[in-house]
Amino acid sequence: MDQTSENWTIPDKEPLLAACRGLPHVDHPMLEAAGELAALHRTREHTPAARCGPFDRRRVQLARGIDRWVTLATPVPPAVAPEHSETVGRVVDRLAMLSAQVFVGLACAPEAVFYEASIQLGELADGYQDLVDDLRVGARRLPEEYYDRW
């Protein structure tokens with residue numbers, strides 16, 4: 001992931017969701033990864049489960065890349081800062097999955113199903129924004145060994 005100085009700000013939820021939808025965005029490593037994650041989820045929806053291994057391995061690589069980038073782009077929080085239950089990479093992966101479901105998979109679903117999924121996407125996006133806001137000021141820690149459990 002590129003780490004040029006103009007890309008040292010964690011994106012807010014709006015550009016991240018736009019990247020997940022495949023919309024044009026500024027050159028940013030997290031937005032690039034989010035767009036690729038959403039594309040992987042869209043492809044995965046039409047792939048037999050036995051053939052999803054390569055997609056899932058790439059998802060883990062992208063999420064870990066996001067986590068490494070976030071570590072470099074955020075202040076070191078104090079040891080007493082509360083620990084979040086997930087890494088930013090995992091949250092972005094879940095946002096990409098829900099985006100793929102809402103904007104592609106559920107586009108023709110009954111309105112109630114689409115609405116419920118849209119609500120879940122909005123709530124997760126709000127949670128992402130809260131996490132990002134906390135990370136920017138060093139008020140939240142991320143789990144270090146999360147991927148050993150994922």
# chains A, B, ... in the order shown; residues from 1 in each chain; ligands from 1
>>> residues_around(residues="A:Thr74", least_positions_apart="3", cutoff="7 Å", atoms="only C-alpha atoms", output="ChimeraX atom specification")
/A:70-71,135-136
>>> residues_around(residues="stretch 122-134 of chain A", least_positions_apart="3", cutoff="8 Å", atoms="only C-alpha atoms", output="list in words")
Ile10, Asp12, Lys13, Leu17, His84, Val88, Val91, Val92, Leu95, Ser118, Ile119, Val137, Gly138, Ala139 and Arg140 of chain A
>>> residues_around(residues="A:Gly35", least_positions_apart="6", cutoff="6 Å", atoms="only C-alpha atoms", output="NGL selection string")
:A and (19-20 or 22)
>>> write_last_selection(atoms="all heavy atoms", output="mmCIF file, in the first residue's frame")
data_model
loop_
_atom_site.group_PDB
_atom_site.id
_atom_site.type_symbol
_atom_site.label_atom_id
_atom_site.label_comp_id
_atom_site.auth_asym_id
_atom_site.auth_seq_id
_atom_site.Cartn_x
_atom_site.Cartn_y
_atom_site.Cartn_z
ATOM 1 N N ALA A 19 -16.175 4.010 -2.327
ATOM 2 C CA ALA A 19 -15.177 3.102 -2.898
ATOM 3 C C ALA A 19 -15.717 1.676 -2.956
ATOM 4 O O ALA A 19 -15.484 0.953 -3.927
ATOM 5 C CB ALA A 19 -13.883 3.156 -2.089
ATOM 6 N N CYS A 20 -16.452 1.278 -1.926
ATOM 7 C CA CYS A 20 -17.049 -0.061 -1.911
ATOM 8 C C CYS A 20 -18.072 -0.231 -3.036
ATOM 9 O O CYS A 20 -18.288 -1.337 -3.524
ATOM 10 C CB CYS A 20 -17.714 -0.346 -0.565
ATOM 11 S SG CYS A 20 -16.564 -0.607 0.793
ATOM 12 N N GLY A 22 -17.675 1.081 -5.901
ATOM 13 C CA GLY A 22 -16.961 1.165 -7.157
ATOM 14 C C GLY A 22 -16.950 2.546 -7.768
ATOM 15 O O GLY A 22 -16.591 2.717 -8.935
#
>>> residues_around(residues="A:Ala33", least_positions_apart="6", cutoff="8 Å", atoms="only C-alpha atoms", output="PyMOL selection string")
chain A and resi 62-63+66
>>> select_by_dssp(residues="chain A", states="helix (DSSP H, G or I)", output="ChimeraX atom specification")
/A:5-7,13-20,29-44,49-51,53-73,88-105,111-136,146-149
